[in-house]
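Reproduced below: start_14.pdb, with PDB, C-alpha atoms.
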ATOM      1  CA  MET V   1      28.680   8.825 -19.213  1.00  0.00           C
ATOM      2  CA  ARG V   2      28.856   8.924 -15.419  1.00  0.00           C
ATOM      3  CA  ALA V   3      26.487  11.905 -15.331  1.00  0.00           C
ATOM      4  CA  TRP V   4      23.885   9.852 -17.203  1.00  0.00           C
ATOM      5  CA  ARG V   5      24.212   7.028 -14.679  1.00  0.00           C
ATOM      6  CA  VAL V   6      23.774   9.441 -11.786  1.00  0.00           C
ATOM      7  CA  LEU V   7      20.759  11.034 -13.487  1.00  0.00           C
ATOM      8  CA  LEU V   8      19.232   7.616 -14.176  1.00  0.00           C
ATOM      9  CA  GLY V   9      19.801   6.588 -10.549  1.00  0.00           C
ATOM     10  CA  LEU V  10      18.121   9.765  -9.279  1.00  0.00           C
ATOM     11  CA  MET V  11      15.158   9.202 -11.584  1.00  0.00           C
ATOM     12  CA  LEU V  12      14.752   5.661 -10.252  1.00  0.00           C
ATOM     13  CA  VAL V  13      14.867   6.926  -6.668  1.00  0.00           C
ATOM     14  CA  VAL V  14      12.194   9.521  -7.441  1.00  0.00           C
ATOM     15  CA  LEU V  15      10.003   6.972  -9.218  1.00  0.00           C
ATOM     16  CA  VAL V  16      10.340   4.343  -6.509  1.00  0.00           C
ATOM     17  CA  GLY V  17      10.133   6.906  -3.724  1.00  0.00           C
ATOM     18  CA  GLY V  18       7.051   8.418  -5.296  1.00  0.00           C
ATOM     19  CA  SER V  19       5.050   5.241  -4.808  1.00  0.00           C
ATOM     20  CA  ALA V  20       2.958   4.688  -1.717  1.00  0.00           C
ATOM     21  CA  SER V  21       5.215   3.757   1.135  1.00  0.00           C
ATOM     22  CA  ALA V  22       4.492   2.317   4.521  1.00  0.00           C
ATOM     23  CA  GLU V  23       4.420   4.526   7.573  1.00  0.00           C
ATOM     24  CA  VAL V  24       6.469   3.277  10.505  1.00  0.00           C
ATOM     25  CA  VAL V  25       5.205   3.957  14.031  1.00  0.00           C
ATOM     26  CA  ILE V  26       7.671   3.426  16.889  1.00  0.00           C
ATOM     27  CA  ILE V  27       6.567   2.040  20.238  1.00  0.00           C
ATOM     28  CA  SER V  28       9.089   2.181  23.070  1.00  0.00           C
ATOM     29  CA  VAL V  29       8.902   1.575  26.817  1.00  0.00           C
ATOM     30  CA  ASP V  30       8.807   3.859  29.826  1.00  0.00           C
ATOM     31  CA  SER V  31      10.586   1.841  32.488  1.00  0.00           C
ATOM     32  CA  THR V  32       9.803   4.315  35.276  1.00  0.00           C
ATOM     33  CA  SER V  33       6.069   3.702  34.984  1.00  0.00           C
ATOM     34  CA  LEU V  34       6.230   0.301  33.235  1.00  0.00           C
ATOM     35  CA  ARG V  35       4.197   1.429  30.228  1.00  0.00           C
ATOM     36  CA  PHE V  36       4.489   1.262  26.456  1.00  0.00           C
ATOM     37  CA  THR V  37       4.912   4.693  24.859  1.00  0.00           C
ATOM     38  CA  PRO V  38       2.576   5.303  23.168  1.00  0.00           C
ATOM     39  CA  SER V  39       0.290   2.647  24.567  1.00  0.00           C
ATOM     40  CA  GLU V  40      -2.222   2.968  21.717  1.00  0.00           C
ATOM     41  CA  VAL V  41      -1.552   3.644  18.050  1.00  0.00           C
ATOM     42  CA  THR V  42      -3.755   3.775  14.983  1.00  0.00           C
ATOM     43  CA  ILE V  43      -2.258   2.807  11.630  1.00  0.00           C
ATOM     44  CA  THR V  44      -3.477   1.774   8.188  1.00  0.00           C
ATOM     45  CA  GLU V  45      -3.040  -1.597   6.493  1.00  0.00           C
ATOM     46  CA  GLY V  46       0.355  -1.587   4.832  1.00  0.00           C
ATOM     47  CA  ASP V  47       1.984   0.317   7.715  1.00  0.00           C
ATOM     48  CA  GLU V  48       4.525  -1.044  10.184  1.00  0.00           C
ATOM     49  CA  VAL V  49       5.014  -0.860  13.937  1.00  0.00           C
ATOM     50  CA  ARG V  50       8.563  -0.871  15.243  1.00  0.00           C
ATOM     51  CA  PHE V  51       9.094  -1.944  18.855  1.00  0.00           C
ATOM     52  CA  PHE V  52      12.334  -0.289  19.888  1.00  0.00           C
ATOM     53  CA  TRP V  53      14.071   0.137  23.224  1.00  0.00           C
ATOM     54  CA  SER V  54      17.606  -0.169  24.555  1.00  0.00           C
ATOM     55  CA  GLY V  55      19.506   0.219  27.795  1.00  0.00           C
ATOM     56  CA  GLN V  56      16.519  -0.644  29.971  1.00  0.00           C
ATOM     57  CA  ALA V  57      17.055  -1.696  33.581  1.00  0.00           C
ATOM     58  CA  LEU V  58      14.333  -4.336  33.189  1.00  0.00           C
ATOM     59  CA  ALA V  59      13.736  -6.746  30.327  1.00  0.00           C
ATOM     60  CA  HIS V  60      10.564  -6.282  28.248  1.00  0.00           C
ATOM     61  CA  ASN V  61       8.819  -7.798  25.268  1.00  0.00           C
ATOM     62  CA  ALA V  62       5.633  -7.210  23.297  1.00  0.00           C
ATOM     63  CA  VAL V  63       3.348 -10.146  22.512  1.00  0.00           C
ATOM     64  CA  ALA V  64      -0.004  -9.878  20.712  1.00  0.00           C
ATOM     65  CA  ASP V  65      -2.957 -11.352  22.580  1.00  0.00           C
ATOM     66  CA  ASP V  66      -3.908 -13.354  19.475  1.00  0.00           C
ATOM     67  CA  GLY V  67      -0.322 -14.425  18.658  1.00  0.00           C
ATOM     68  CA  PHE V  68      -0.084 -12.276  15.503  1.00  0.00           C
ATOM     69  CA  PHE V  69       3.324 -10.973  16.584  1.00  0.00           C
ATOM     70  CA  SER V  70       5.924 -11.320  19.299  1.00  0.00           C
ATOM     71  CA  THR V  71       9.215  -9.518  19.868  1.00  0.00           C
ATOM     72  CA  GLY V  72      10.538 -12.707  21.442  1.00  0.00           C
ATOM     73  CA  GLU V  73      11.863 -13.310  24.920  1.00  0.00           C
ATOM     74  CA  PRO V  74      11.984 -10.290  27.270  1.00  0.00           C
ATOM     75  CA  GLU V  75      15.166  -8.282  26.691  1.00  0.00           C
ATOM     76  CA  ARG V  76      16.638  -4.937  27.741  1.00  0.00           C
ATOM     77  CA  ALA V  77      17.217  -4.013  24.095  1.00  0.00           C
ATOM     78  CA  VAL V  78      14.672  -4.766  21.367  1.00  0.00           C
ATOM     79  CA  ASP V  79      14.419  -3.660  17.746  1.00  0.00           C
ATOM     80  CA  HIS V  80      11.565  -5.560  16.115  1.00  0.00           C
ATOM     81  CA  THR V  81       9.303  -4.445  13.267  1.00  0.00           C
ATOM     82  CA  VAL V  82       5.833  -5.861  12.624  1.00  0.00           C
ATOM     83  CA  GLU V  83       4.203  -5.433   9.214  1.00  0.00           C
ATOM     84  CA  PHE V  84       0.427  -5.138   8.887  1.00  0.00           C
ATOM     85  CA  PRO V  85      -0.321  -5.967   5.233  1.00  0.00           C
ATOM     86  CA  VAL V  86      -3.650  -5.441   3.505  1.00  0.00           C
ATOM     87  CA  GLY V  87      -6.198  -7.800   5.022  1.00  0.00           C
ATOM     88  CA  THR V  88      -4.988  -7.417   8.628  1.00  0.00           C
ATOM     89  CA  ASN V  89      -7.282  -4.603   9.709  1.00  0.00           C
ATOM     90  CA  GLY V  90      -8.596  -4.914  13.240  1.00  0.00           C
ATOM     91  CA  THR V  91      -7.551  -4.279  16.821  1.00  0.00           C
ATOM     92  CA  TYR V  92      -4.499  -5.975  18.307  1.00  0.00           C
ATOM     93  CA  GLY V  93      -3.990  -5.967  22.034  1.00  0.00           C
ATOM     94  CA  PHE V  94      -0.464  -6.706  23.241  1.00  0.00           C
ATOM     95  CA  VAL V  95       1.322  -7.125  26.556  1.00  0.00           C
ATOM     96  CA  CYS V  96       4.745  -7.142  28.104  1.00  0.00           C
ATOM     97  CA  GLU V  97       4.704 -10.645  29.555  1.00  0.00           C
ATOM     98  CA  PRO V  98       6.805  -9.927  32.655  1.00  0.00           C
ATOM     99  CA  HIS V  99       4.825  -6.760  33.495  1.00  0.00           C
ATOM    100  CA  GLU V 100       1.290  -7.488  32.294  1.00  0.00           C
ATOM    101  CA  SER V 101       0.048  -7.745  35.887  1.00  0.00           C
ATOM    102  CA  VAL V 102       1.050  -4.115  36.541  1.00  0.00           C
ATOM    103  CA  GLY V 103      -0.722  -2.851  33.430  1.00  0.00           C
ATOM    104  CA  MET V 104       2.024  -2.829  30.804  1.00  0.00           C
ATOM    105  CA  VAL V 105      -0.335  -3.357  27.879  1.00  0.00           C
ATOM    106  CA  GLY V 106      -1.024  -1.669  24.569  1.00  0.00           C
ATOM    107  CA  THR V 107      -3.291  -1.577  21.555  1.00  0.00           C
ATOM    108  CA  ILE V 108      -2.655  -1.308  17.828  1.00  0.00           C
ATOM    109  CA  ILE V 109      -5.671  -0.326  15.741  1.00  0.00           C
ATOM    110  CA  VAL V 110      -5.249  -1.182  12.061  1.00  0.00           C
ATOM    111  CA  GLU V 111      -7.682   0.595   9.763  1.00  0.00           C
ATOM    112  CA  PRO V 112      -8.480  -0.748   6.279  1.00  0.00           C
ATOM    113  CA  ALA V 113      -6.342   0.590   3.458  1.00  0.00           C
ATOM    114  CA  PRO V 114      -8.139   3.041   1.195  1.00  0.00           C
ATOM    115  CA  PRO V 115      -9.458   1.404  -1.965  1.00  0.00           C
ATOM    116  CA  VAL V 116      -7.191   1.611  -4.974  1.00  0.00           C
ATOM    117  CA  GLU V 117      -8.907   3.557  -7.709  1.00  0.00           C
ATOM    118  CA  ALA V 118      -8.698   1.845 -11.065  1.00  0.00           C
ATOM    119  CA  GLU V 119      -7.402   4.028 -13.842  1.00  0.00           C
ATOM    120  CA  GLU V 120      -9.952   4.734 -16.509  1.00  0.00           C
ATOM    121  CA  ALA V 121      -8.958   3.158 -19.808  1.00  0.00           C
ATOM    122  CA  PRO V 122      -8.862   5.548 -22.755  1.00  0.00           C
ATOM    123  CA  PRO V 123     -11.574   4.957 -25.350  1.00  0.00           C
ATOM    124  CA  GLU V 124     -10.478   2.567 -28.041  1.00  0.00           C
ATOM    125  CA  ASP V 125     -10.237   3.678 -31.636  1.00  0.00           C
ATOM    126  CA  PRO V 126     -12.373   1.652 -34.013  1.00  0.00           C
ATOM    127  CA  VAL V 127     -10.415  -1.190 -35.508  1.00  0.00           C
ATOM    128  CA  GLU V 128     -10.372  -1.210 -39.271  1.00  0.00           C
ATOM    129  CA  THR V 129     -10.765  -4.804 -40.421  1.00  0.00           C
ATOM    130  CA  PRO V 130     -10.956  -5.988 -44.044  1.00  0.00           C
ATOM    131  CA  LEU V 131     -14.695  -6.617 -43.581  1.00  0.00           C
ATOM    132  CA  ASN V 132     -15.280  -3.097 -42.257  1.00  0.00           C
ATOM    133  CA  ALA V 133     -13.200  -1.574 -45.033  1.00  0.00           C
ATOM    134  CA  GLY V 134     -14.947  -3.643 -47.718  1.00  0.00           C
ATOM    135  CA  ALA V 135     -18.433  -2.860 -46.418  1.00  0.00           C
ATOM    136  CA  SER V 136     -17.610   0.847 -46.264  1.00  0.00           C
ATOM    137  CA  MET V 137     -16.300   0.773 -49.824  1.00  0.00           C
ATOM    138  CA  VAL V 138     -19.396  -1.031 -51.153  1.00  0.00           C
ATOM    139  CA  LEU V 139     -21.746   1.391 -49.365  1.00  0.00           C
ATOM    140  CA  GLY V 140     -19.790   4.326 -50.730  1.00  0.00           C
ATOM    141  CA  LEU V 141     -20.007   2.979 -54.282  1.00  0.00           C
ATOM    142  CA  LEU V 142     -23.751   2.335 -53.951  1.00  0.00           C
ATOM    143  CA  LEU V 143     -24.307   5.849 -52.664  1.00  0.00           C
ATOM    144  CA  ALA V 144     -22.245   7.283 -55.537  1.00  0.00           C
ATOM    145  CA  CYS V 145     -24.253   5.233 -58.064  1.00  0.00           C
ATOM    146  CA  LEU V 146     -27.555   6.454 -56.592  1.00  0.00           C
ATOM    147  CA  VAL V 147     -26.443  10.079 -56.721  1.00  0.00           C
ATOM    148  CA  ALA V 148     -25.166   9.672 -60.288  1.00  0.00           C
ATOM    149  CA  LYS V 149     -28.425   7.987 -61.370  1.00  0.00           C
ATOM    150  CA  LYS V 150     -30.553  10.792 -59.851  1.00  0.00           C
ATOM    151  CA  GLU V 151     -28.476  13.416 -61.656  1.00  0.00           C
ATOM    152  CA  SER V 152     -28.816  11.621 -64.989  1.00  0.00           C
ATOM    153  CA  ILE V 153     -32.620  11.375 -64.560  1.00  0.00           C
ATOM    154  CA  ALA V 154     -33.011  15.017 -63.691  1.00  0.00           C
TER
END
Output the file's structure as structure tokens, nothing else.
Amino acid sequence: MRAWRVLLGLMLVVLVGGSASAEVVIISVDSTSLRFTPSEVTITEGDEVRFFWSGQALAHNAVADDGFFSTGEPERAVDHTVEFPVGTNGTYGFVCEPHESVGMVGTIIVEPAPPVEAEEAPPEDPVETPLNAGASMVLGLLLACLVAKKESIA
């Protein structure tokens, strides 16, 4: 019984894992040059950007120019993920507020998600209704009568 549960669990993991999943891009900081690393990333709608740094001598944050995201107050350790769902394509500039004046800025380019292709529906079998069945039967009988009449005349 336990083997079946394990097998079922593995199948669920494969099925769920087989679906489209978001990519996660990590942006950290380079405190020696006061820069984001990388300073520019390109992702697709549905992906995520994770701002992650720890043990920094100086406190940093990442704030979008348009207010779309913010990692909060400047800190020496940050672990903040921003999701970019479908409909958020565009270019997002962001800054480290304490170090913007020395060029600690970055850009996230979000490209549109590829269109989802609709599955083609299989052709439908004709539905046999009482009217269809009755009409077919009547036509068949008429045809049989005509053939029988021609044979009796000949």
Compile the contact shell of Gly46 of chain V as a list in words: residues with an atom at most 6 Å away, counting only C-alpha atoms, same-chain residues fewer than 3 positions apart removed. Ala22, Phe84, Pro85 and Val86 of chain V
Could you state the separation of atom CA of Ser101 of chain V and atom CA of Ala77 of chain V in Å, given to one decimal place?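 Result for atom CA of Ser101 of chain V versus atom CA of Ala77 of chain V: 21.2 Å, one decimal.
The set of residues that the PyMOL selection byres ((chain V and resi 23) around 10) takes from this file is V:Ala20, V:Ser21, V:Ala22, V:Val24, V:Val25, V:Ile26, V:Ile43, V:Thr44, V:Glu45, V:Gly46, V:Asp47, V:Glu48, V:Val49.
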Output file for the residues above (C-alpha atoms, as a PDB file, in the coordinates of the input):
ATOM      1  CA  ALA V  20       2.958   4.688  -1.717  1.00  0.00           C
ATOM      2  CA  SER V  21       5.215   3.757   1.135  1.00  0.00           C
ATOM      3  CA  ALA V  22       4.492   2.317   4.521  1.00  0.00           C
ATOM      4  CA  VAL V  24       6.469   3.277  10.505  1.00  0.00           C
ATOM      5  CA  VAL V  25       5.205   3.957  14.031  1.00  0.00           C
ATOM      6  CA  ILE V  26       7.671   3.426  16.889  1.00  0.00           C
ATOM      7  CA  ILE V  43      -2.258   2.807  11.630  1.00  0.00           C
ATOM      8  CA  THR V  44      -3.477   1.774   8.188  1.00  0.00           C
ATOM      9  CA  GLU V  45      -3.040  -1.597   6.493  1.00  0.00           C
ATOM     10  CA  GLY V  46       0.355  -1.587   4.832  1.00  0.00           C
ATOM     11  CA  ASP V  47       1.984   0.317   7.715  1.00  0.00           C
ATOM     12  CA  GLU V  48       4.525  -1.044  10.184  1.00  0.00           C
ATOM     13  CA  VAL V  49       5.014  -0.860  13.937  1.00  0.00           C
TER      14      VAL V  49
END
Separation of atom CA of Phe51 of chain V from atom CA of Phe94 of chain V in Å: 11.5 Å
From the list V:Gly87, V:Pro114, V:Pro98, V:Gly140, which residue is nearest Val63 of chain V when using only C-alpha atoms? V:Pro98
Go through the shown structure with the PyMOL selection byres ((chain V and resi 58) around 9) and write out the matching residues as a PDB file with C-alpha atoms, in the coordinates of the input.
ATOM      1  CA  SER V  31      10.586   1.841  32.488  1.00  0.00           C
ATOM      2  CA  GLY V  55      19.506   0.219  27.795  1.00  0.00           C
ATOM      3  CA  GLN V  56      16.519  -0.644  29.971  1.00  0.00           C
ATOM      4  CA  ALA V  57      17.055  -1.696  33.581  1.00  0.00           C
ATOM      5  CA  ALA V  59      13.736  -6.746  30.327  1.00  0.00           C
ATOM      6  CA  HIS V  60      10.564  -6.282  28.248  1.00  0.00           C
ATOM      7  CA  PRO V  74      11.984 -10.290  27.270  1.00  0.00           C
ATOM      8  CA  GLU V  75      15.166  -8.282  26.691  1.00  0.00           C
ATOM      9  CA  ARG V  76      16.638  -4.937  27.741  1.00  0.00           C
TER      10      ARG V  76
END
At a cut-off of 10 Å, using all atoms listed in the file, what residues contact segment 67-71 of chain V? Leave out same-chain residues fewer than 2 positions from it and give the result as a list in words.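 That gives Arg50, Phe51, Phe52, His60, Asn61, Ala62, Val63, Ala64, Asp65, Glu73, Pro74, Glu75, Val78, Asp79, His80, Thr81, Val82, Glu83, Phe84, Thr88, Tyr92, Gly93, Phe94, Val95 and Cys96 of chain V.
Distances to Pro112 of chain V were evaluated for V:Trp53, V:Val138, V:Gly72, V:Asn89 using only C-alpha atoms, and the minimum falls at V:Asn89.
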Work out how far apart atom CA of Met104 of chain V and atom CA of Ile27 of chain V are and give it in Å to one decimal.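 Separation between atom CA of Met104 of chain V and atom CA of Ile27 of chain V: 12.5 Å.
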Taking all atoms of segment 141-153 of chain V that appear in the file, build a box with edges along x, y and z, extend it by 3 Å on every side, and state its centre and edge lengths in Å to one decimal, as AutoDock Vina command-line options.
--center_x -26.3 --center_y 7.9 --center_z -58.8 --size_x 18.6 --size_y 17.1 --size_z 18.3
Can you give me, as a list in words, the residues this file yields under the PyMOL selection byres ((chain V and resi 109) around 7)?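 Answer for the PyMOL selection byres ((chain V and resi 109) around 7): Val41, Thr42, Ile43, Gly90, Thr91, Tyr92, Thr107, Ile108, Val110 and Glu111 of chain V.
The closest residue to Thr37 of chain V, picked from V:Val147, V:Ala113, V:Leu139, V:Val105 and counting only C-alpha atoms, is V:Val105.
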Some atoms are missing, so please complete segment 38-71 of chain V with N, CA and C atoms and return it as a compact mmCIF listing (two decimals), in the frame of the given file.
# COMPACT_ATOMS: atom_id res chain seq x y z
N PRO V 38 3.94 5.15 22.66
CA PRO V 38 2.58 5.30 23.17
C PRO V 38 1.95 3.93 23.43
N SER V 39 0.93 3.93 24.24
CA SER V 39 0.29 2.65 24.57
C SER V 39 -0.80 2.28 23.56
N GLU V 40 -1.23 3.25 22.76
CA GLU V 40 -2.22 2.97 21.72
C GLU V 40 -1.83 3.72 20.46
N VAL V 41 -1.84 3.01 19.34
CA VAL V 41 -1.55 3.64 18.05
C VAL V 41 -2.60 3.21 17.04
N THR V 42 -2.85 4.09 16.09
CA THR V 42 -3.76 3.78 14.98
C THR V 42 -2.96 3.91 13.69
N ILE V 43 -2.98 2.84 12.90
CA ILE V 43 -2.26 2.81 11.63
C ILE V 43 -3.21 2.33 10.54
N THR V 44 -2.70 2.26 9.33
CA THR V 44 -3.48 1.77 8.19
C THR V 44 -2.81 0.51 7.66
N GLU V 45 -3.61 -0.39 7.11
CA GLU V 45 -3.04 -1.60 6.49
C GLU V 45 -1.90 -1.18 5.56
N GLY V 46 -0.82 -1.92 5.62
CA GLY V 46 0.36 -1.59 4.83
C GLY V 46 1.41 -0.87 5.66
N ASP V 47 1.03 -0.36 6.84
CA ASP V 47 1.98 0.32 7.72
C ASP V 47 2.72 -0.70 8.58
N GLU V 48 3.72 -0.20 9.31
CA GLU V 48 4.53 -1.04 10.18
C GLU V 48 4.61 -0.43 11.57
N VAL V 49 4.77 -1.30 12.57
CA VAL V 49 5.01 -0.86 13.94
C VAL V 49 6.38 -1.40 14.33
N ARG V 50 7.22 -0.49 14.82
CA ARG V 50 8.56 -0.87 15.24
C ARG V 50 8.63 -0.77 16.76
N PHE V 51 8.88 -1.91 17.41
CA PHE V 51 9.09 -1.94 18.86
C PHE V 51 10.59 -1.72 19.07
N PHE V 52 10.93 -0.63 19.74
CA PHE V 52 12.33 -0.29 19.89
C PHE V 52 12.62 0.26 21.28
N TRP V 53 13.54 -0.39 21.97
CA TRP V 53 14.07 0.14 23.22
C TRP V 53 15.45 -0.44 23.46
N SER V 54 16.26 0.30 24.24
CA SER V 54 17.61 -0.17 24.56
C SER V 54 18.03 0.41 25.90
N GLY V 55 18.96 -0.26 26.53
CA GLY V 55 19.51 0.22 27.80
C GLY V 55 18.52 0.24 28.95
N GLN V 56 17.52 -0.61 28.91
CA GLN V 56 16.52 -0.64 29.97
C GLN V 56 17.05 -1.42 31.18
N ALA V 57 16.65 -0.99 32.36
CA ALA V 57 17.06 -1.70 33.58
C ALA V 57 16.35 -3.04 33.68
N LEU V 58 15.11 -3.10 33.16
CA LEU V 58 14.33 -4.34 33.19
C LEU V 58 14.13 -4.84 31.76
N ALA V 59 13.98 -6.14 31.64
CA ALA V 59 13.74 -6.75 30.33
C ALA V 59 12.25 -6.68 29.99
N HIS V 60 11.95 -6.39 28.72
CA HIS V 60 10.56 -6.28 28.25
C HIS V 60 10.41 -7.03 26.93
N ASN V 61 9.16 -7.31 26.60
CA ASN V 61 8.82 -7.80 25.27
C ASN V 61 7.43 -7.29 24.93
N ALA V 62 6.98 -7.57 23.73
CA ALA V 62 5.63 -7.21 23.30
C ALA V 62 5.07 -8.41 22.57
N VAL V 63 3.96 -8.94 23.08
CA VAL V 63 3.35 -10.15 22.51
C VAL V 63 1.87 -9.87 22.29
N ALA V 64 1.40 -10.09 21.04
CA ALA V 64 0.00 -9.88 20.71
C ALA V 64 -0.86 -10.90 21.43
N ASP V 65 -2.02 -10.46 21.89
CA ASP V 65 -2.96 -11.35 22.58
C ASP V 65 -3.35 -12.54 21.70
N ASP V 66 -3.48 -12.29 20.39
CA ASP V 66 -3.91 -13.35 19.48
C ASP V 66 -2.73 -14.08 18.81
N GLY V 67 -1.49 -13.75 19.21
CA GLY V 67 -0.32 -14.42 18.66
C GLY V 67 0.14 -13.91 17.31
N PHE V 68 -0.45 -12.82 16.82
CA PHE V 68 -0.08 -12.28 15.50
C PHE V 68 1.39 -11.86 15.45
N PHE V 69 1.92 -11.35 16.55
CA PHE V 69 3.32 -10.97 16.58
C PHE V 69 3.89 -11.17 17.98
N SER V 70 5.20 -11.24 18.04
CA SER V 70 5.92 -11.32 19.30
C SER V 70 7.34 -10.80 19.05
N THR V 71 7.84 -9.99 19.99
CA THR V 71 9.22 -9.52 19.87
C THR V 71 10.19 -10.54 20.42
